[in-house]
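Structure below is work-v3.cif: mmCIF, C-alpha atoms.
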data_coords
loop_
_atom_site.label_atom_id
_atom_site.label_comp_id
_atom_site.auth_asym_id
_atom_site.auth_seq_id
_atom_site.Cartn_x
_atom_site.Cartn_y
_atom_site.Cartn_z
CA MET K 202 -1.15 9.66 -32.58
CA ILE K 203 -2.46 7.45 -29.81
CA LYS K 204 -5.38 5.11 -30.34
CA VAL K 205 -7.15 3.99 -27.17
CA ASP K 206 -8.97 0.72 -26.71
CA VAL K 207 -11.46 1.96 -24.11
CA ASN K 208 -12.53 -1.58 -23.30
CA LYS K 209 -9.01 -2.44 -22.18
CA CYS K 210 -8.15 0.80 -20.35
CA LEU K 211 -7.99 0.45 -16.55
CA GLY K 212 -8.06 4.16 -15.76
CA CYS K 213 -4.79 3.94 -13.87
CA PHE K 214 -3.02 7.14 -15.10
CA SER K 215 0.16 5.28 -15.97
CA CYS K 216 0.17 6.85 -19.47
CA SER K 217 -0.47 10.30 -18.09
CA ASN K 218 2.42 9.89 -15.63
CA VAL K 219 4.96 8.85 -18.25
CA CYS K 220 3.92 11.28 -21.03
CA PRO K 221 6.75 13.81 -21.40
CA SER K 222 4.58 16.34 -23.30
CA GLN K 223 1.48 16.57 -21.09
CA ASN K 224 -0.67 15.23 -23.91
CA ILE K 225 -2.57 12.90 -21.61
CA THR K 226 -4.46 14.77 -18.92
CA ARG K 227 -6.36 13.61 -15.88
CA THR K 228 -9.36 14.90 -13.98
CA GLU K 229 -10.28 13.60 -10.57
CA THR K 230 -13.34 14.21 -8.42
CA PRO K 231 -14.27 12.34 -5.22
CA GLU K 232 -16.55 10.06 -7.27
CA THR K 233 -14.93 9.83 -10.71
CA ARG K 234 -11.69 9.94 -12.59
CA SER K 235 -11.20 10.78 -16.27
CA VAL K 236 -8.32 10.39 -18.66
CA HIS K 237 -8.14 12.56 -21.75
CA TRP K 238 -5.83 11.82 -24.68
CA LYS K 239 -5.06 14.91 -26.78
CA LYS K 240 -4.19 14.55 -30.45
CA CYS K 241 -0.48 14.03 -30.38
CA LYS K 242 2.12 14.39 -33.13
CA GLU K 243 5.09 13.21 -31.09
CA GLU K 244 7.10 10.24 -32.27
CA CYS K 245 7.17 8.76 -28.82
CA ASP K 246 5.67 5.56 -27.54
CA LEU K 247 6.29 5.76 -23.80
CA CYS K 248 2.57 5.59 -23.01
CA VAL K 249 2.17 2.57 -25.29
CA GLU K 250 5.09 0.83 -23.66
CA PHE K 251 3.99 1.57 -20.10
CA CYS K 252 0.29 0.77 -20.36
CA PRO K 253 -0.39 -2.16 -18.01
CA ALA K 254 -3.41 -3.20 -20.08
CA LYS K 255 -1.84 -2.77 -23.54
CA ALA K 256 -4.78 -0.51 -24.35
CA LEU K 257 -2.78 1.99 -26.42
CA THR K 258 -1.39 1.81 -29.95
CA LEU K 259 0.33 4.36 -32.15
CA VAL K 260 -1.52 5.20 -35.37
CA PRO K 261 -0.72 7.76 -38.10
CA PHE K 262 -1.82 11.33 -37.29
CA ASP K 263 -5.34 12.13 -38.50
CA GLU K 264 -6.66 15.69 -38.10
CA GLY K 265 -10.27 14.60 -38.36
CA SER K 266 -10.41 11.94 -35.69
CA PRO K 267 -11.88 13.04 -32.33
CA GLU K 268 -9.95 13.14 -29.06
CA THR K 269 -10.69 10.37 -26.58
CA THR K 270 -11.86 10.78 -23.01
CA VAL K 271 -12.63 7.91 -20.67
CA THR K 272 -14.48 8.51 -17.41
CA TYR K 273 -14.81 5.99 -14.61
CA ASP K 274 -17.07 5.97 -11.60
CA LEU K 275 -14.91 4.98 -8.66
CA MET K 276 -15.89 1.87 -6.71
CA ALA K 277 -17.10 2.37 -3.14
CA CYS K 278 -15.39 0.57 -0.26
CA LYS K 279 -17.56 -2.29 1.04
CA ILE K 280 -17.00 -1.10 4.60
CA CYS K 281 -16.84 2.70 4.73
CA GLY K 282 -18.31 3.59 1.35
CA GLU K 283 -15.37 5.83 0.41
CA ARG K 284 -14.72 5.73 -3.35
CA TYR K 285 -11.18 4.54 -3.91
CA ALA K 286 -10.49 2.84 -7.26
CA THR K 287 -11.81 2.12 -10.74
CA GLU K 288 -13.56 -1.19 -11.28
CA PRO K 289 -11.21 -2.37 -14.07
CA MET K 290 -8.21 -1.82 -11.77
CA LEU K 291 -9.75 -3.92 -8.99
CA LYS K 292 -10.72 -6.62 -11.50
CA ARG K 293 -7.15 -6.56 -12.77
CA ILE K 294 -5.86 -7.12 -9.20
CA GLU K 295 -8.29 -10.02 -8.83
CA SER K 296 -7.00 -11.65 -11.99
CA SER K 297 -3.33 -11.12 -11.15
CA LEU K 298 -3.39 -12.69 -7.68
CA PRO K 299 -3.74 -16.39 -6.87
CA GLU K 300 -7.13 -17.18 -5.34
CA ASN K 301 -5.80 -18.22 -1.94
CA LEU K 302 -4.32 -14.74 -1.41
CA GLN K 303 -7.54 -12.90 -2.26
CA LYS K 304 -9.15 -13.59 1.08
CA ASP K 305 -7.60 -12.94 4.47
CA SER K 306 -7.62 -15.44 7.34
CA THR K 307 -11.21 -14.49 8.21
CA GLY K 308 -12.43 -15.01 4.64
CA LEU K 309 -12.68 -11.29 3.93
CA ASP K 310 -12.51 -10.17 0.27
CA TRP K 311 -9.99 -7.43 0.97
CA ILE K 312 -9.60 -6.31 -2.64
CA TRP K 313 -13.03 -4.64 -2.48
CA ILE K 314 -12.16 -2.75 0.70
CA CYS K 315 -10.33 0.59 0.66
CA PRO K 316 -6.72 0.84 1.92
CA VAL K 317 -7.73 2.83 5.03
CA CYS K 318 -10.20 0.14 6.13
CA ARG K 319 -7.58 -2.53 5.34
CA ARG K 320 -5.20 -0.80 7.77
CA ASN K 321 -7.93 -0.49 10.41
CA ILE K 322 -8.67 -4.20 10.14
CA GLU K 323 -4.98 -5.03 10.46
CA ALA K 324 -4.63 -2.75 13.50
CA GLU K 325 -7.67 -4.34 15.15
CA ARG K 326 -6.38 -7.83 14.45
CA ALA K 327 -2.95 -7.02 15.86
CA THR K 328 -4.23 -5.42 19.06
CA LYS K 329 -7.26 -7.62 19.78
CA GLN K 330 -5.65 -9.97 22.29
CA MET K 331 -3.94 -7.15 24.12
CA VAL K 332 -7.05 -4.97 24.34
CA LEU K 333 -8.90 -7.94 25.83
CA GLY K 334 -6.13 -8.32 28.42
CA ARG K 335 -6.06 -4.64 29.27
CA THR K 336 -9.81 -4.31 29.65
CA ARG K 337 -10.11 -7.43 31.78
CA LYS K 338 -10.90 -6.54 35.38
CA SER K 339 -8.19 -7.48 37.86
CA PRO K 340 -9.09 -10.43 40.08
CA MET H 128 13.78 -8.83 7.82
CA PRO H 129 10.69 -6.67 8.28
CA VAL H 130 10.18 -4.45 11.31
CA TYR H 131 8.34 -6.23 14.12
CA VAL H 132 6.24 -4.53 16.77
CA ASP H 133 6.00 -5.41 20.43
CA ILE H 134 2.48 -4.03 20.63
CA SER H 135 2.38 -4.08 24.40
CA ARG H 136 5.12 -1.40 24.38
CA CYS H 137 3.63 0.94 21.74
CA ILE H 138 2.52 4.23 23.32
CA GLY H 139 0.93 5.65 20.17
CA CYS H 140 3.26 8.66 19.99
CA ARG H 141 3.72 8.47 16.20
CA SER H 142 7.47 9.01 16.44
CA CYS H 143 7.98 6.20 13.92
CA GLU H 144 5.53 7.86 11.54
CA VAL H 145 7.33 11.19 11.76
CA ALA H 146 10.79 9.65 11.50
CA CYS H 147 9.75 7.70 8.40
CA LYS H 148 8.43 10.84 6.76
CA ARG H 149 11.59 12.71 7.64
CA VAL H 150 13.95 10.28 5.93
CA HIS H 151 11.66 9.73 2.92
CA GLY H 152 11.19 13.35 1.90
CA GLY H 153 7.78 13.78 3.50
CA LYS H 154 6.33 10.61 1.94
CA GLY H 155 6.08 8.25 4.87
CA HIS H 156 5.13 4.59 4.96
CA VAL H 157 4.00 4.09 8.57
CA ASN H 158 0.49 4.68 9.93
CA VAL H 159 -0.10 4.51 13.65
CA HIS H 160 -3.61 3.33 14.41
CA MET H 161 -5.42 3.56 17.72
CA ALA H 162 -7.53 0.68 18.95
CA GLY H 163 -10.01 2.51 21.12
CA ASP H 164 -8.45 3.90 24.30
CA HIS H 165 -6.51 0.79 25.09
CA ALA H 166 -3.93 0.19 22.44
CA SER H 167 -2.11 1.59 19.46
CA VAL H 168 -0.07 -0.04 16.76
CA PRO H 169 1.95 1.16 13.78
CA VAL H 170 0.77 -0.54 10.61
CA PHE H 171 3.53 -0.96 8.07
CA CYS H 172 4.82 -3.14 5.26
CA HIS H 173 5.09 -6.79 6.24
CA HIS H 174 7.54 -7.56 3.45
CA CYS H 175 5.27 -10.52 2.67
CA GLU H 176 6.84 -13.73 1.47
CA GLU H 177 4.18 -14.00 -1.22
CA ALA H 178 4.04 -10.26 -1.85
CA THR H 179 0.86 -9.41 -3.72
CA CYS H 180 2.18 -5.93 -4.61
CA THR H 181 5.00 -7.54 -6.61
CA MET H 182 2.48 -9.76 -8.40
CA ALA H 183 0.37 -6.78 -9.41
CA CYS H 184 3.33 -4.62 -10.52
CA PHE H 185 3.61 -4.94 -14.28
CA THR H 186 6.97 -3.22 -14.75
CA GLY H 187 8.91 -5.15 -12.13
CA ALA H 188 9.44 -1.99 -10.05
CA LEU H 189 8.37 -3.96 -6.99
CA TYR H 190 10.29 -7.18 -6.51
CA LYS H 191 11.44 -9.60 -3.86
CA ASP H 192 15.06 -9.10 -2.81
CA GLY H 193 15.62 -11.87 -0.28
CA GLU H 194 13.30 -11.19 2.64
CA ARG H 195 12.84 -7.59 1.59
CA THR H 196 10.12 -6.42 -0.79
CA ALA H 197 12.16 -3.88 -2.70
CA PHE H 198 11.18 -1.00 -4.93
CA ASP H 199 12.96 0.39 -7.99
CA VAL H 200 11.73 3.92 -8.50
CA GLU H 201 13.23 4.06 -12.02
CA LYS H 202 10.76 1.43 -13.25
CA CYS H 203 7.64 2.80 -11.55
CA THR H 204 4.97 4.41 -13.74
CA GLY H 205 2.69 5.39 -10.85
CA CYS H 206 -0.19 3.21 -12.08
CA GLY H 207 -1.27 2.59 -8.49
CA LEU H 208 -1.98 -1.13 -8.92
CA CYS H 209 0.32 -1.93 -5.98
CA ARG H 210 -1.73 0.33 -3.70
CA LEU H 211 -4.81 -1.73 -4.52
CA ALA H 212 -2.93 -5.03 -4.26
CA CYS H 213 -1.64 -4.51 -0.71
CA PRO H 214 -3.83 -6.43 1.78
CA PHE H 215 -2.68 -4.16 4.61
CA GLY H 216 -3.18 -0.86 2.81
CA VAL H 217 0.38 0.28 3.42
CA VAL H 218 1.59 0.87 -0.14
CA TRP H 219 0.39 4.11 -1.65
CA SER H 220 1.08 6.13 -4.76
CA ASP H 221 0.84 9.60 -6.13
CA LYS H 222 2.87 9.87 -9.33
CA ILE H 223 5.09 7.08 -8.07
CA ALA H 224 4.62 4.34 -5.49
CA HIS H 225 5.70 4.79 -1.88
CA LYS H 226 6.48 1.84 0.32
CA CYS H 227 8.77 0.77 3.14
CA ASP H 228 12.32 0.11 1.91
CA LEU H 229 13.56 -0.71 5.41
CA CYS H 230 15.55 2.51 5.07
CA ALA H 231 17.87 1.29 2.32
CA GLY H 232 21.38 2.60 2.88
CA ARG H 233 20.95 2.82 6.64
CA GLU H 234 22.08 0.13 8.98
CA THR H 235 18.83 0.15 10.98
CA PRO H 236 15.41 1.42 9.87
CA THR H 237 14.85 4.87 11.31
CA CYS H 238 11.48 3.94 12.87
CA ILE H 239 13.28 1.45 15.12
CA LEU H 240 15.88 4.01 16.21
CA SER H 241 13.30 6.69 16.90
CA CYS H 242 10.85 4.61 18.95
CA PRO H 243 11.09 5.96 22.54
CA ALA H 244 9.33 2.87 23.90
CA ASN H 245 11.63 0.32 22.24
CA ALA H 246 8.56 -1.27 20.68
CA LEU H 247 10.14 -1.86 17.26
CA SER H 248 12.90 -4.21 16.24
CA THR H 249 13.96 -6.51 13.42
CA ASP H 250 14.00 -9.41 15.89
CA PHE H 251 10.88 -11.52 15.43
CA GLU H 252 11.43 -13.32 18.71
CA LEU H 253 11.93 -10.22 20.86
CA ALA H 254 8.28 -9.59 21.75
CA SER H 255 7.65 -13.18 22.82
CA ARG H 256 10.95 -13.32 24.78
CA ARG H 257 9.91 -10.19 26.66
CA ALA H 258 6.46 -11.66 27.35
CA ARG H 259 8.08 -14.81 28.73
CA THR H 260 10.37 -12.72 30.94
CA ARG H 261 7.41 -10.76 32.28
CA ALA H 262 5.55 -13.99 33.00
CA ALA H 263 8.57 -15.42 34.80
CA MET H 264 8.97 -12.24 36.87
CA ALA H 265 5.30 -12.29 37.77
CA ALA H 266 5.53 -15.94 38.81
CA ALA H 267 8.63 -15.22 40.92
CA HIS H 268 7.21 -12.15 42.65
CA GLY H 269 3.54 -13.04 42.67
CA GLY H 270 0.85 -10.59 41.59
CA ARG H 271 -0.38 -9.42 38.26
CA ARG H 272 1.66 -9.43 35.09
#

Turn the structure described in the file into structure tokens.
Amino acid sequence: MIKVDVNKCLGCFSCSNVCPSQNITRTETPETRSVHWKKCKEECDLCVEFCPAKALTLVPFDEGSPETTVTYDLMACKICGERYATEPMLKRIESSLPENLQKDSTGLDWIWICPVCRRNIEAERATKQMVLGRTRKSP
Amino acid sequence: MPVYVDISRCIGCRSCEVACKRVHGGKGHVNVHMAGDHASVPVFCHHCEEATCTMACFTGALYKDGERTAFDVEKCTGCGLCRLACPFGVVWSDKIAHKCDLCAGRETPTCILSCPANALSTDFELASRRARTRAAMAAAHGGRR
């Protein structure tokens, strides 16, 4: 049976993806995501092995123990407000990257911005000079 | 050897986007963005030297292979950390990660071959060489570049 350390769990769905017996289920809404671990009798430790946070351990099967569910409110993008990731995942990214890579050339904290806004910023940066040139009135 | 864009040539037709989806089973890695009415640019993987996606990947599914930021689908668990670790928002994941592989197995990335405006290439210098040529032509003939 799987024991979950809810304080370590990132809410990433890695365990749910690798589980061969559909014993770890996921629920997603625009604002939240939940992971639910069913009581599992399999002698399999794929989820334990592939948990990025080492939040899972195998313990002997116990009929009486309750099933675990973890629910996360998704973090809102600092620019558009779209909810895009769990807070522990973003904190994990912060801790796994060197500090000098966490801000872009303009000092922007891009980790706390959703991927769509990151692409928009990149597109604007890339085209800025050219748009200026194209909108300039001819002499 | 990432794919470079000569932005002044991009016509915003999304051919690269479609071509990428076609060769990657519907899971494309290129997003063409419009900058108002004046410009468009495909945003795709930079194959960063210090690739933050590889630093966030805990299984080693994303790794540096020379200049390329490569992806080993066998090792991916679909945790989605790479999606959040990409500063340009070009890596994404459903049950596995999806990112530019520079069309592994093909001689030239398909986006480059399909661009009708010849805006894409693997030659970093191409865009600036073309700009210099245009400037020289303008100087020789007079008038606006």

Please provide the set of residues having any atom within 10 Å of Lys202 in chain H, restricted to all atoms listed in the file, with same-chain residues fewer than 6 positions apart removed, written as a PyMOL selection string. (chain K and resi 251) or (chain H and resi 184-189+223)

Excluding Ile322 in chain K and residues on its chain fewer than 3 positions from it, collect all residues at most 10 Å away from it, counting only C-alpha atoms, and give them as a list in words.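 Those residues are Trp311, Pro316, Val317, Cys318, Arg319, Glu325, Arg326 and Ala327 of chain K; Pro214, Phe215 and Gly216 of chain H.
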
Check every residue of chain H for an atom within 8 Å of chain K, counting all atoms listed in the file, and provide those that qualify as a count of residues only. 30

Name the residues captured by the PyMOL selection byres ((chain K and resi 244) around 12) when it is applied to the shown file; answer as a list of chain:residue names.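 Going through the file, the PyMOL selection byres ((chain K and resi 244) around 12) ends up selecting K:Met202, K:Ile203, K:Cys220, K:Pro221, K:Ser222, K:Cys241, K:Lys242, K:Glu243, K:Cys245, K:Asp246, K:Leu247, K:Cys248, K:Val249, K:Leu259, K:Val260, K:Pro261, K:Phe262.
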
Keeping only C-alpha atoms, write the selected residues to a file as a short mmCIF file (atom, residue, chain, number, x, y, z; two decimals), keeping the file's coordinate frame.
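Below is the file that was written, part.cif:
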data_model
loop_
_atom_site.label_atom_id
_atom_site.label_comp_id
_atom_site.auth_asym_id
_atom_site.auth_seq_id
_atom_site.Cartn_x
_atom_site.Cartn_y
_atom_site.Cartn_z
CA MET K 202 -1.15 9.66 -32.58
CA ILE K 203 -2.46 7.45 -29.81
CA CYS K 220 3.92 11.28 -21.03
CA PRO K 221 6.75 13.81 -21.40
CA SER K 222 4.58 16.34 -23.30
CA CYS K 241 -0.48 14.03 -30.38
CA LYS K 242 2.12 14.39 -33.13
CA GLU K 243 5.09 13.21 -31.09
CA CYS K 245 7.17 8.76 -28.82
CA ASP K 246 5.67 5.56 -27.54
CA LEU K 247 6.29 5.76 -23.80
CA CYS K 248 2.57 5.59 -23.01
CA VAL K 249 2.17 2.57 -25.29
CA LEU K 259 0.33 4.36 -32.15
CA VAL K 260 -1.52 5.20 -35.37
CA PRO K 261 -0.72 7.76 -38.10
CA PHE K 262 -1.82 11.33 -37.29
#

Report as a ChimeraX atom specification the full result of the PyMOL selection byres ((chain H and resi 136) around 10) when it is applied to this structure. /H:132-135,137-139,166-168,242-247,254

Hey, what's within 10 Å of range 232-240 of chain K if we count all atoms listed in the file and toss same-chain stuff fewer than 6 positions away? As a ChimeraX atom specification, please? /K:202-205,210,212-214,216-217,223-226,262-277,283-287

Pick the closest to Asp221 in chain H from H:Asp250, H:Ala265, H:Lys154, H:Asp164: which is it, counting all atoms listed in the file?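 Of H:Asp250, H:Ala265, H:Lys154, H:Asp164, the one nearest Asp221 in chain H is H:Lys154, counting all atoms listed in the file.
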
What is the distance, in Å and to one decimal place, between CA of Ala258 in chain H and CA of Gln330 in chain K?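 Here the two named atoms are 13.2 Å from each other.
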
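CA of Lys292 in chain K sits 14.9 Å away from CA of Lys279 in chain K.
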
Distance CA of Thr196 in chain H-CA of Ala231 in chain H, one decimal place?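 Computing it gives 11.4 Å between the two atoms.
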
For the provided coordinates, the residues matched by the PyMOL selection byres ((chain H and resi 157) around 10) should be stated as JSON, numbers by chain. {"H": [141, 142, 143, 144, 145, 146, 147, 148, 154, 155, 156, 158, 159, 160, 169, 170, 171, 172, 217, 218, 226, 227, 238]}
